[in-house]
There are 2 protein chains.
Amino acid sequence: MIDHTSLLNSGAILKKYKRGEFLFQEGSIARYYYQVHQGEIKMNNYNQEGKEYIQGIFTKEKSFGEPPLFADFKYPANAEAIVDSEVWQLPKEKFLKFLEENPHIHHKFTSTLALRLYYKAIMVSEISTQEPEHRILRILDYFKKNSEPGITESKIYKVELTRQQLADLTGLRVETVIRSIKKLEQKGELFIKDRKVYR
Amino acid sequence: MIDHTSLLNSGAILKKYKRGEFLFQEGSIARYYYQVHQGEIKMNNYNQEGKEYIQGIFTKEKSFGEPPLFADFKYPANAEAIVDSEVWQLPKEKFLKFLEENPHIHHKFTSTLALRLYYKAIMVSEISTQEPEHRILRILDYFKKNSEPGITESKIYKVELTRQQLADLTGLRVETVIRSIKKLEQKGELFIKDRKVYR
DNA sequence: CCTACTTTATGATCAGAATCATAAAACTAT
DNA sequence: ATAGTTTTATGATTCTGATCATAAAGTAGG
């Protein structure tokens, strides 16, 4: 989102996180702008029984957790490293100052927020009204679309998500995801090779 | 969101919609900025079987449907008048020009988007991991908080939503909402008087 | 006032996803 | 190579919210 030179010039530092480590917790105050340098970060919630919901997964160069920097509220979810990762960290004030000085980048963040809202609107409606197979296809298509810019429908996409992650993204249980994927394969909506899903 | 004088100066017009009328449909291209002047507008989705999901309800002076004006995508939901309403309509180009000339207002829209993202993040997590009673309390608290700025927890809030609307906001069925509300009353989380819910 | 419709309500039944149990295959770390 | 963990897999059972049926109370329009 922000190039490395600008990050360094603005005073960002690169921090390392081990797989499973938290960058911040649900309910805490937002103090930094974050951008993935290496690895994978997920934002998630756990309910009382420990069931997880994954709000989003962020990879190389993607920023996350900015919304509370723009309005006055606490983090609605945790940020947790999926694998060992390196993440740029820029203090809130410096981030906001940088945006003021770079209206073009500010615009990019506004449209990123808009796009994320679009995705959330779709997912919340899917989860509340559609059956498992439909939900799973939506998530797969979303990840496919975001995998490489301008990927065509005809091109085959290899899903790198585990069944458990798909479950946590769609609000389903892992067994339900496994069974639904099997049914989707029978229907020809996707295929499985060496346990990996392709769509 | 934008004051009436500015709206008029920028070239906005006031349009009337009858209860049940659509302002735009899911999948169509965004051409206007909308702001409620009188009445109530909901954004919603219908699935194949006609089951509705309400993304949000917008009242006096609230804007809606801006995200696709900031990024390149189609409406993820419909906009439908809940009651007879009057809505300001400003062409996209004029809206974006107005924002450019008024960075302060632009900032307000960015934080509105951030806040809406916050609400969606909470709802999608609630819907996918929490049971009916929990979901309903969340929605009630959200509407309570937005009913008047700075409402305290101790103050009693009268819920103007119907059971059906609560169902469509939480992804539940109307019978489930009715039964859950009864249980919540027994637990002392809210009370019912003349069929109206108070929290 | 009368008729339509909407909203709230309640009981009975059903269905589908969650849960529980178990296990094999595939990685990971030592 | 070995032990431990994660991932995928499948069958049996349970349970909760959806569905179906029905009705009374409330509201709106002519």
# chains A, B, ... in the order shown; residues from 1 in each chain; ligands from 1
>>> interface_residues(of="chain C", to="chain A", cutoff="10 Å", atoms="only C-alpha atoms (C1' of nucleotides)", output="PDB file with C-alpha atoms (C1' of nucleotides), in the first residue's frame")
ATOM      1  C1'  DG C  16     -29.629 -29.639   7.956  1.00  0.00           C
ATOM      2  C1'  DA C  17     -25.577 -28.351  10.014  1.00  0.00           C
ATOM      3  C1'  DA C  18     -23.200 -29.094  14.409  1.00  0.00           C
ATOM      4  C1'  DT C  19     -21.341 -32.279  17.250  1.00  0.00           C
TER       5       DT C  19
END
>>> calpha_fit_and_write(fixed="chain B", moving="chain A", output="compact mmCIF listing (two decimals) with C-alpha atoms, in the first residue's frame")
# COMPACT_ATOMS: atom_id res chain seq x y z
CA MET A 1 -23.93 14.42 6.06
CA ILE A 2 -23.82 17.32 3.58
CA ASP A 3 -25.84 20.43 4.48
CA HIS A 4 -28.80 21.43 2.31
CA THR A 5 -27.25 24.65 1.00
CA SER A 6 -24.17 22.82 -0.24
CA LEU A 7 -26.32 20.11 -1.79
CA LEU A 8 -28.40 22.67 -3.68
CA ASN A 9 -25.33 24.64 -4.75
CA SER A 10 -23.67 21.48 -6.04
CA GLY A 11 -26.71 20.62 -8.14
CA ALA A 12 -28.56 18.07 -6.02
CA ILE A 13 -32.26 17.45 -6.48
CA LEU A 14 -34.84 16.14 -4.05
CA LYS A 15 -36.65 13.00 -5.19
CA LYS A 16 -39.74 11.34 -3.73
CA TYR A 17 -40.10 7.58 -3.33
CA LYS A 18 -43.15 5.61 -2.27
CA ARG A 19 -42.96 2.90 0.38
CA GLY A 20 -41.55 -0.24 -1.26
CA GLU A 21 -40.06 1.62 -4.23
CA PHE A 22 -36.44 0.91 -5.18
CA LEU A 23 -33.86 3.69 -5.54
CA PHE A 24 -31.38 1.32 -7.14
CA GLN A 25 -30.86 -2.40 -7.53
CA GLU A 26 -28.10 -4.80 -6.59
CA GLY A 27 -25.66 -5.12 -9.49
CA SER A 28 -26.34 -1.73 -11.04
CA ILE A 29 -23.75 1.00 -11.54
CA ALA A 30 -23.54 3.81 -9.00
CA ARG A 31 -24.28 7.17 -10.58
CA TYR A 32 -25.45 9.28 -7.65
CA TYR A 33 -24.72 10.26 -4.11
CA TYR A 34 -27.83 9.76 -1.93
CA GLN A 35 -28.83 11.39 1.32
CA VAL A 36 -32.11 10.90 3.17
CA HIS A 37 -34.13 14.08 3.68
CA GLN A 38 -37.34 12.57 5.00
CA GLY A 39 -38.35 9.00 5.69
CA GLU A 40 -36.43 5.73 5.93
CA ILE A 41 -34.39 3.82 3.37
CA LYS A 42 -33.04 0.31 3.76
CA MET A 43 -30.28 -1.39 1.81
CA ASN A 44 -30.98 -5.08 1.39
CA ASN A 45 -30.43 -8.34 -0.47
CA TYR A 46 -32.89 -11.04 -1.42
CA ASN A 47 -31.77 -14.61 -2.00
CA GLN A 48 -33.34 -17.04 -4.49
CA GLU A 49 -36.12 -17.98 -2.09
CA GLY A 50 -36.94 -14.35 -1.36
CA LYS A 51 -35.35 -14.29 2.09
CA GLU A 52 -34.22 -10.77 2.87
CA TYR A 53 -31.05 -9.54 4.52
CA ILE A 54 -31.03 -5.88 5.62
CA GLN A 55 -27.56 -4.35 5.30
CA GLY A 56 -28.58 -1.13 6.99
CA ILE A 57 -31.39 1.32 7.66
CA PHE A 58 -30.85 5.02 6.96
CA THR A 59 -32.86 7.89 8.38
CA LYS A 60 -32.95 11.70 8.24
CA GLU A 61 -29.70 13.27 6.96
CA LYS A 62 -27.88 9.95 6.65
CA SER A 63 -26.11 9.13 3.40
CA PHE A 64 -25.93 5.65 1.91
CA GLY A 65 -24.56 3.77 -1.07
CA GLU A 66 -21.36 5.85 -1.34
CA PRO A 67 -18.76 3.04 -1.40
CA PRO A 68 -19.15 2.25 -5.15
CA LEU A 69 -18.55 5.96 -5.83
CA PHE A 70 -15.05 5.63 -4.35
CA ALA A 71 -13.98 2.38 -6.00
CA ASP A 72 -14.90 0.59 -9.16
CA PHE A 73 -17.66 -1.91 -8.37
CA LYS A 74 -21.40 -2.30 -8.66
CA TYR A 75 -23.95 -2.01 -5.87
CA PRO A 76 -23.79 -5.10 -3.62
CA ALA A 77 -27.38 -4.49 -2.45
CA ASN A 78 -30.66 -2.74 -3.29
CA ALA A 79 -31.93 0.48 -1.78
CA GLU A 80 -35.63 0.37 -0.96
CA ALA A 81 -37.92 2.89 0.72
CA ILE A 82 -39.36 1.54 4.00
CA VAL A 83 -41.88 4.39 4.14
CA ASP A 84 -42.68 7.24 1.74
CA SER A 85 -39.44 9.22 1.61
CA GLU A 86 -37.62 12.19 0.13
CA VAL A 87 -34.01 11.72 -0.85
CA TRP A 88 -31.31 14.08 -2.09
CA GLN A 89 -29.68 12.90 -5.29
CA LEU A 90 -26.35 14.32 -6.49
CA PRO A 91 -24.56 13.08 -9.62
CA LYS A 92 -21.35 11.18 -8.90
CA GLU A 93 -19.01 13.67 -10.64
CA LYS A 94 -20.49 16.62 -8.78
CA PHE A 95 -20.22 14.73 -5.50
CA LEU A 96 -16.56 13.88 -6.04
CA LYS A 97 -15.82 17.45 -7.09
CA PHE A 98 -17.51 18.71 -3.92
CA LEU A 99 -15.35 16.39 -1.81
CA GLU A 100 -12.18 17.60 -3.52
CA GLU A 101 -13.11 21.17 -2.71
CA ASN A 102 -14.01 20.27 0.87
CA PRO A 103 -11.29 18.06 2.35
CA HIS A 104 -12.91 18.34 5.76
CA ILE A 105 -16.08 16.68 4.46
CA HIS A 106 -14.00 14.12 2.62
CA HIS A 107 -12.47 13.18 5.97
CA LYS A 108 -15.90 12.81 7.48
CA PHE A 109 -16.84 10.36 4.73
CA THR A 110 -13.67 8.36 5.28
CA SER A 111 -14.46 7.99 8.96
CA THR A 112 -18.07 7.11 8.13
CA LEU A 113 -16.82 4.31 5.90
CA ALA A 114 -14.47 3.17 8.66
CA LEU A 115 -17.32 3.13 11.15
CA ARG A 116 -19.58 1.21 8.83
CA LEU A 117 -16.81 -1.33 8.31
CA TYR A 118 -16.59 -1.66 12.07
CA TYR A 119 -20.29 -2.40 12.30
CA LYS A 120 -20.15 -4.93 9.47
CA ALA A 121 -17.14 -6.67 10.99
CA ILE A 122 -19.05 -7.07 14.23
CA MET A 123 -22.24 -8.28 12.56
CA VAL A 124 -20.58 -10.83 10.31
CA SER A 125 -18.70 -12.30 13.24
CA GLU A 126 -21.86 -12.31 15.38
CA ILE A 127 -23.94 -13.98 12.71
CA SER A 128 -21.37 -16.66 12.04
CA THR A 129 -20.49 -17.58 15.61
CA GLN A 130 -23.16 -16.46 18.05
CA GLU A 131 -26.60 -17.78 18.95
CA PRO A 132 -29.82 -15.87 18.24
CA GLU A 133 -30.19 -14.08 21.59
CA HIS A 134 -26.65 -12.73 21.44
CA ARG A 135 -27.11 -11.46 17.89
CA ILE A 136 -30.37 -9.72 18.74
CA LEU A 137 -28.85 -7.94 21.73
CA ARG A 138 -26.02 -6.70 19.51
CA ILE A 139 -28.41 -5.23 16.98
CA LEU A 140 -30.52 -3.63 19.69
CA ASP A 141 -27.45 -2.07 21.28
CA TYR A 142 -26.24 -0.84 17.92
CA PHE A 143 -29.54 0.88 17.18
CA LYS A 144 -29.72 2.22 20.71
CA LYS A 145 -26.25 3.74 20.39
CA ASN A 146 -27.13 5.33 17.05
CA SER A 147 -30.54 6.57 18.20
CA GLU A 148 -29.22 9.70 19.90
CA PRO A 149 -25.62 10.82 20.35
CA GLY A 150 -24.33 10.07 23.80
CA ILE A 151 -27.20 7.89 25.01
CA THR A 152 -26.26 6.27 28.31
CA GLU A 153 -26.58 2.61 29.14
CA SER A 154 -28.95 3.30 31.99
CA LYS A 155 -31.38 5.20 29.78
CA ILE A 156 -34.21 3.14 28.34
CA TYR A 157 -34.48 2.93 24.58
CA LYS A 158 -37.65 2.11 22.70
CA VAL A 159 -37.00 -0.17 19.73
CA GLU A 160 -38.91 0.99 16.67
CA LEU A 161 -37.91 -2.04 14.59
CA THR A 162 -40.46 -4.75 13.89
CA ARG A 163 -39.68 -8.39 14.73
CA GLN A 164 -39.44 -9.03 11.00
CA GLN A 165 -36.86 -6.27 10.56
CA LEU A 166 -34.84 -7.63 13.46
CA ALA A 167 -34.95 -11.02 11.76
CA ASP A 168 -33.78 -9.57 8.45
CA LEU A 169 -30.96 -7.70 10.18
CA THR A 170 -29.69 -10.75 12.05
CA GLY A 171 -30.27 -13.47 9.48
CA LEU A 172 -32.87 -15.17 11.65
CA ARG A 173 -36.52 -16.06 11.12
CA VAL A 174 -39.28 -13.95 12.57
CA GLU A 175 -40.54 -16.76 14.83
CA THR A 176 -37.03 -17.25 16.20
CA VAL A 177 -36.76 -13.52 16.93
CA ILE A 178 -40.12 -13.50 18.72
CA ARG A 179 -39.15 -16.48 20.88
CA SER A 180 -35.65 -15.14 21.58
CA ILE A 181 -37.02 -11.78 22.65
CA LYS A 182 -39.37 -13.53 25.07
CA LYS A 183 -36.44 -15.41 26.57
CA LEU A 184 -34.41 -12.21 26.81
CA GLU A 185 -37.30 -10.60 28.67
CA GLN A 186 -37.34 -13.50 31.15
CA LYS A 187 -33.62 -13.03 31.64
CA GLY A 188 -34.17 -9.34 32.32
CA GLU A 189 -32.10 -8.16 29.35
CA LEU A 190 -35.03 -6.12 28.01
CA PHE A 191 -38.76 -5.68 28.54
CA ILE A 192 -41.84 -5.64 26.38
CA LYS A 193 -44.74 -3.22 26.80
CA ASP A 194 -47.65 -3.07 24.35
CA ARG A 195 -45.68 -5.41 22.06
CA LYS A 196 -42.85 -2.87 21.85
CA VAL A 197 -39.35 -3.80 22.94
CA TYR A 198 -37.45 -1.58 25.38
CA ARG A 199 -33.77 -1.89 26.22
>>> interface_residues(of="chain D", to="chain A", cutoff="12 Å", atoms="only C-alpha atoms (C1' of nucleotides)", output="list of chain:residue names")
D:DT6, D:DT7, D:DT8, D:DA9, D:DT10, D:DG11, D:DA18
>>> write_last_selection(atoms="C-alpha atoms (C1' of nucleotides)", output="compact mmCIF listing (two decimals), in the first residue's frame")
# COMPACT_ATOMS: atom_id res chain seq x y z
C1' DT D 6 -2.20 -30.63 11.59
C1' DT D 7 -5.15 -31.65 7.90
C1' DT D 8 -8.42 -34.34 5.52
C1' DA D 9 -11.85 -37.73 5.88
C1' DT D 10 -16.24 -40.35 7.11
C1' DG D 11 -20.00 -42.31 9.76
C1' DA D 18 -36.39 -23.26 10.09
>>> residues_around(residues="DC2 (chain C)", least_positions_apart="3", cutoff="12 Å", atoms="only C-alpha atoms (C1' of nucleotides)", output="MDAnalysis selection string")
chainID D and resid 28:30
>>> write_last_selection(atoms="N, CA and C atoms (P, O5', C5', C4', C3', O3' and C1' of nucleotides)", output="PDB file, in the first residue's frame")
ATOM      1  P    DA D  28     -51.206   2.782  11.095  1.00  0.00           P
ATOM      2  O5'  DA D  28     -51.953   2.278   9.783  1.00  0.00           O
ATOM      3  C5'  DA D  28     -51.308   1.380   8.889  1.00  0.00           C
ATOM      4  C4'  DA D  28     -52.030   1.422   7.557  1.00  0.00           C
ATOM      5  C3'  DA D  28     -52.423   2.831   7.114  1.00  0.00           C
ATOM      6  O3'  DA D  28     -52.228   2.936   5.706  1.00  0.00           O
ATOM      7  C1'  DA D  28     -54.374   1.512   7.423  1.00  0.00           C
ATOM      8  P    DG D  29     -52.601   4.244   4.929  1.00  0.00           P
ATOM      9  O5'  DG D  29     -53.888   3.774   4.119  1.00  0.00           O
ATOM     10  C5'  DG D  29     -53.896   2.494   3.482  1.00  0.00           C
ATOM     11  C4'  DG D  29     -55.221   2.312   2.755  1.00  0.00           C
ATOM     12  C3'  DG D  29     -55.759   3.601   2.139  1.00  0.00           C
ATOM     13  O3'  DG D  29     -56.371   3.297   0.878  1.00  0.00           O
ATOM     14  C1'  DG D  29     -57.303   2.791   3.759  1.00  0.00           C
ATOM     15  P    DG D  30     -56.878   4.439  -0.074  1.00  0.00           P
ATOM     16  O5'  DG D  30     -58.440   4.178  -0.094  1.00  0.00           O
ATOM     17  C5'  DG D  30     -58.936   2.950  -0.647  1.00  0.00           C
ATOM     18  C4'  DG D  30     -60.386   2.791  -0.276  1.00  0.00           C
ATOM     19  C3'  DG D  30     -61.272   3.952  -0.742  1.00  0.00           C
ATOM     20  O3'  DG D  30     -62.361   3.453  -1.525  1.00  0.00           O
ATOM     21  C1'  DG D  30     -61.617   3.499   1.573  1.00  0.00           C
TER      22       DG D  30
END
>>> atom_distance(atom1="C1' of DA29 (chain C)", atom2="C1' of DA3 (chain D)")
9.2 Å
>>> select_by_dssp(residues="region 92-172 of chain B", states="alpha helix (DSSP H)", output="mmCIF file with N, CA and C atoms, in the first residue's frame")
data_model
loop_
_atom_site.group_PDB
_atom_site.id
_atom_site.type_symbol
_atom_site.label_atom_id
_atom_site.label_comp_id
_atom_site.auth_asym_id
_atom_site.auth_seq_id
_atom_site.Cartn_x
_atom_site.Cartn_y
_atom_site.Cartn_z
ATOM 1 N N LYS B 92 -22.656 11.618 -9.363
ATOM 2 C CA LYS B 92 -21.345 11.172 -8.906
ATOM 3 C C LYS B 92 -20.234 12.214 -9.101
ATOM 4 N N GLU B 93 -20.103 12.728 -10.332
ATOM 5 C CA GLU B 93 -19.009 13.662 -10.653
ATOM 6 C C GLU B 93 -19.072 14.901 -9.774
ATOM 7 N N LYS B 94 -20.296 15.413 -9.598
ATOM 8 C CA LYS B 94 -20.476 16.622 -8.785
ATOM 9 C C LYS B 94 -20.154 16.344 -7.327
ATOM 10 N N PHE B 95 -20.506 15.126 -6.880
ATOM 11 C CA PHE B 95 -20.206 14.731 -5.504
ATOM 12 C C PHE B 95 -18.701 14.671 -5.286
ATOM 13 N N LEU B 96 -17.994 14.017 -6.196
ATOM 14 C CA LEU B 96 -16.545 13.864 -6.038
ATOM 15 C C LEU B 96 -15.849 15.230 -6.117
ATOM 16 N N LYS B 97 -16.369 16.099 -6.986
ATOM 17 C CA LYS B 97 -15.814 17.457 -7.096
ATOM 18 C C LYS B 97 -16.012 18.200 -5.766
ATOM 19 N N PHE B 98 -17.204 18.060 -5.217
ATOM 20 C CA PHE B 98 -17.506 18.710 -3.940
ATOM 21 C C PHE B 98 -16.539 18.238 -2.840
ATOM 22 N N LEU B 99 -16.255 16.939 -2.819
ATOM 23 C CA LEU B 99 -15.339 16.392 -1.807
ATOM 24 C C LEU B 99 -13.934 16.961 -1.982
ATOM 25 N N GLU B 100 -13.521 17.067 -3.238
ATOM 26 C CA GLU B 100 -12.187 17.604 -3.514
ATOM 27 C C GLU B 100 -12.059 19.025 -2.988
ATOM 28 N N GLU B 101 -13.122 19.778 -3.151
ATOM 29 C CA GLU B 101 -13.111 21.177 -2.719
ATOM 30 C C GLU B 101 -13.318 21.321 -1.216
ATOM 31 N N PRO B 103 -12.046 19.194 1.765
ATOM 32 C CA PRO B 103 -11.307 18.070 2.371
ATOM 33 C C PRO B 103 -11.845 17.682 3.740
ATOM 34 N N HIS B 104 -12.368 18.652 4.449
ATOM 35 C CA HIS B 104 -12.918 18.346 5.765
ATOM 36 C C HIS B 104 -14.087 17.357 5.658
ATOM 37 N N ILE B 105 -14.960 17.603 4.680
ATOM 38 C CA ILE B 105 -16.100 16.702 4.459
ATOM 39 C C ILE B 105 -15.588 15.340 3.964
ATOM 40 N N HIS B 106 -14.579 15.382 3.123
ATOM 41 C CA HIS B 106 -13.993 14.142 2.638
ATOM 42 C C HIS B 106 -13.548 13.272 3.821
ATOM 43 N N HIS B 107 -12.913 13.915 4.790
ATOM 44 C CA HIS B 107 -12.485 13.192 5.986
ATOM 45 C C HIS B 107 -13.657 12.587 6.730
ATOM 46 N N LYS B 108 -14.747 13.340 6.787
ATOM 47 C CA LYS B 108 -15.921 12.828 7.478
ATOM 48 C C LYS B 108 -16.451 11.569 6.789
ATOM 49 N N PHE B 109 -16.384 11.555 5.471
ATOM 50 C CA PHE B 109 -16.839 10.367 4.743
ATOM 51 C C PHE B 109 -15.901 9.185 4.977
ATOM 52 N N THR B 110 -14.620 9.464 5.019
ATOM 53 C CA THR B 110 -13.675 8.379 5.299
ATOM 54 C C THR B 110 -13.976 7.762 6.658
ATOM 55 N N SER B 111 -14.238 8.609 7.661
ATOM 56 C CA SER B 111 -14.493 8.013 8.979
ATOM 57 C C SER B 111 -15.864 7.348 9.040
ATOM 58 N N THR B 112 -16.809 7.824 8.219
ATOM 59 C CA THR B 112 -18.096 7.132 8.138
ATOM 60 C C THR B 112 -17.912 5.737 7.556
ATOM 61 N N LEU B 113 -17.109 5.643 6.511
ATOM 62 C CA LEU B 113 -16.826 4.333 5.918
ATOM 63 C C LEU B 113 -16.162 3.414 6.943
ATOM 64 N N ALA B 114 -15.196 3.974 7.662
ATOM 65 C CA ALA B 114 -14.484 3.188 8.678
ATOM 66 C C ALA B 114 -15.455 2.663 9.727
ATOM 67 N N LEU B 115 -16.373 3.515 10.140
ATOM 68 C CA LEU B 115 -17.341 3.140 11.166
ATOM 69 C C LEU B 115 -18.303 2.073 10.661
ATOM 70 N N ARG B 116 -18.677 2.198 9.405
ATOM 71 C CA ARG B 116 -19.590 1.215 8.839
ATOM 72 C C ARG B 116 -18.908 -0.139 8.717
ATOM 73 N N LEU B 117 -17.611 -0.093 8.410
ATOM 74 C CA LEU B 117 -16.819 -1.314 8.323
ATOM 75 C C LEU B 117 -16.766 -1.978 9.703
ATOM 76 N N TYR B 118 -16.643 -1.174 10.715
ATOM 77 C CA TYR B 118 -16.616 -1.653 12.095
ATOM 78 C C TYR B 118 -17.913 -2.393 12.412
ATOM 79 N N TYR B 119 -19.027 -1.769 12.077
ATOM 80 C CA TYR B 119 -20.327 -2.392 12.320
ATOM 81 C C TYR B 119 -20.460 -3.704 11.542
ATOM 82 N N LYS B 120 -20.060 -3.708 10.291
ATOM 83 C CA LYS B 120 -20.172 -4.921 9.471
ATOM 84 C C LYS B 120 -19.275 -6.026 10.019
ATOM 85 N N ALA B 121 -18.071 -5.663 10.450
ATOM 86 C CA ALA B 121 -17.150 -6.655 11.009
ATOM 87 C C ALA B 121 -17.791 -7.317 12.225
ATOM 88 N N ILE B 122 -18.431 -6.509 13.056
ATOM 89 C CA ILE B 122 -19.082 -7.060 14.246
ATOM 90 C C ILE B 122 -20.246 -7.958 13.862
ATOM 91 N N MET B 123 -21.077 -7.495 12.929
ATOM 92 C CA MET B 123 -22.255 -8.276 12.571
ATOM 93 C C MET B 123 -21.905 -9.597 11.897
ATOM 94 N N VAL B 124 -20.931 -9.576 11.014
ATOM 95 C CA VAL B 124 -20.597 -10.811 10.311
ATOM 96 C C VAL B 124 -20.023 -11.840 11.287
ATOM 97 N N SER B 125 -19.254 -11.372 12.240
ATOM 98 C CA SER B 125 -18.719 -12.278 13.250
ATOM 99 C C SER B 125 -19.826 -12.798 14.164
ATOM 100 N N GLU B 126 -20.731 -11.897 14.568
ATOM 101 C CA GLU B 126 -21.872 -12.303 15.393
ATOM 102 C C GLU B 126 -22.704 -13.368 14.698
ATOM 103 N N ILE B 127 -23.059 -13.073 13.442
ATOM 104 C CA ILE B 127 -23.943 -13.965 12.711
ATOM 105 C C ILE B 127 -23.308 -15.324 12.508
ATOM 106 N N SER B 128 -21.987 -15.342 12.330
ATOM 107 C CA SER B 128 -21.387 -16.643 12.046
ATOM 108 C C SER B 128 -21.009 -17.433 13.283
ATOM 109 N N THR B 129 -20.907 -16.781 14.434
ATOM 110 C CA THR B 129 -20.483 -17.569 15.596
ATOM 111 C C THR B 129 -21.420 -17.515 16.803
ATOM 112 N N PRO B 132 -28.838 -16.883 18.486
ATOM 113 C CA PRO B 132 -29.845 -15.866 18.227
ATOM 114 C C PRO B 132 -29.927 -14.757 19.278
ATOM 115 N N GLU B 133 -29.994 -15.116 20.566
ATOM 116 C CA GLU B 133 -30.184 -14.080 21.587
ATOM 117 C C GLU B 133 -29.040 -13.071 21.588
ATOM 118 N N HIS B 134 -27.848 -13.580 21.451
ATOM 119 C CA HIS B 134 -26.660 -12.730 21.423
ATOM 120 C C HIS B 134 -26.711 -11.760 20.248
ATOM 121 N N ARG B 135 -27.071 -12.304 19.083
ATOM 122 C CA ARG B 135 -27.139 -11.478 17.876
ATOM 123 C C ARG B 135 -28.145 -10.356 18.036
ATOM 124 N N ILE B 136 -29.307 -10.717 18.603
ATOM 125 C CA ILE B 136 -30.381 -9.725 18.740
ATOM 126 C C ILE B 136 -29.962 -8.610 19.685
ATOM 127 N N LEU B 137 -29.317 -8.974 20.789
ATOM 128 C CA LEU B 137 -28.858 -7.943 21.724
ATOM 129 C C LEU B 137 -27.868 -6.998 21.042
ATOM 130 N N ARG B 138 -27.003 -7.551 20.215
ATOM 131 C CA ARG B 138 -26.027 -6.716 19.517
ATOM 132 C C ARG B 138 -26.703 -5.682 18.629
ATOM 133 N N ILE B 139 -27.696 -6.150 17.876
ATOM 134 C CA ILE B 139 -28.423 -5.240 16.980
ATOM 135 C C ILE B 139 -29.151 -4.175 17.786
ATOM 136 N N LEU B 140 -29.792 -4.591 18.867
ATOM 137 C CA LEU B 140 -30.525 -3.631 19.690
ATOM 138 C C LEU B 140 -29.571 -2.580 20.235
ATOM 139 N N ASP B 141 -28.413 -3.027 20.721
ATOM 140 C CA ASP B 141 -27.447 -2.082 21.280
ATOM 141 C C ASP B 141 -26.893 -1.155 20.209
ATOM 142 N N TYR B 142 -26.734 -1.682 19.023
ATOM 143 C CA TYR B 142 -26.248 -0.847 17.927
ATOM 144 C C TYR B 142 -27.262 0.251 17.609
ATOM 145 N N PHE B 143 -28.529 -0.126 17.502
ATOM 146 C CA PHE B 143 -29.554 0.870 17.190
ATOM 147 C C PHE B 143 -29.747 1.843 18.351
ATOM 148 N N LYS B 144 -29.601 1.317 19.568
ATOM 149 C CA LYS B 144 -29.707 2.202 20.721
ATOM 150 C C LYS B 144 -28.611 3.271 20.667
ATOM 151 N N LYS B 145 -27.399 2.819 20.428
ATOM 152 C CA LYS B 145 -26.245 3.730 20.396
ATOM 153 C C LYS B 145 -26.390 4.792 19.303
ATOM 154 N N ASN B 146 -26.987 4.383 18.187
ATOM 155 C CA ASN B 146 -27.125 5.329 17.082
ATOM 156 C C ASN B 146 -28.406 6.166 17.150
ATOM 157 N N SER B 147 -29.259 5.863 18.146
ATOM 158 C CA SER B 147 -30.534 6.573 18.224
ATOM 159 C C SER B 147 -30.338 8.046 18.578
ATOM 160 N N ARG B 163 -40.359 -7.085 14.544
ATOM 161 C CA ARG B 163 -39.696 -8.385 14.728
ATOM 162 C C ARG B 163 -39.138 -8.883 13.392
ATOM 163 N N GLN B 164 -39.887 -8.610 12.344
ATOM 164 C CA GLN B 164 -39.445 -9.038 11.008
ATOM 165 C C GLN B 164 -38.158 -8.310 10.608
ATOM 166 N N GLN B 165 -38.087 -7.020 10.884
ATOM 167 C CA GLN B 165 -36.874 -6.267 10.554
ATOM 168 C C GLN B 165 -35.691 -6.770 11.364
ATOM 169 N N LEU B 166 -35.914 -7.072 12.631
ATOM 170 C CA LEU B 166 -34.845 -7.634 13.461
ATOM 171 C C LEU B 166 -34.364 -8.955 12.870
ATOM 172 N N ALA B 167 -35.318 -9.743 12.376
ATOM 173 C CA ALA B 167 -34.961 -11.017 11.753
ATOM 174 C C ALA B 167 -34.107 -10.787 10.511
ATOM 175 N N ASP B 168 -34.504 -9.828 9.697
ATOM 176 C CA ASP B 168 -33.789 -9.574 8.444
ATOM 177 C C ASP B 168 -32.436 -8.907 8.681
ATOM 178 N N LEU B 169 -32.256 -8.306 9.841
ATOM 179 C CA LEU B 169 -30.970 -7.697 10.178
ATOM 180 C C LEU B 169 -30.005 -8.716 10.778
ATOM 181 N N THR B 170 -30.549 -9.780 11.357
ATOM 182 C CA THR B 170 -29.703 -10.746 12.053
ATOM 183 C C THR B 170 -29.602 -12.081 11.322
#
>>> atom_distance(atom1="C1' of DA12 (chain D)", atom2="C1' of DT22 (chain C)")
11.2 Å
>>> atom_distance(atom1="C1' of DA15 (chain C)", atom2="C1' of DC20 (chain D)")
12.6 Å
>>> select_by_dssp(residues="region 10-170 of chain B", states="strand (DSSP E)", output="PyMOL selection string")
chain B and resi 13-17+22-24+32-38+40-46+52-59+63-64+78-81+85-91+158-159
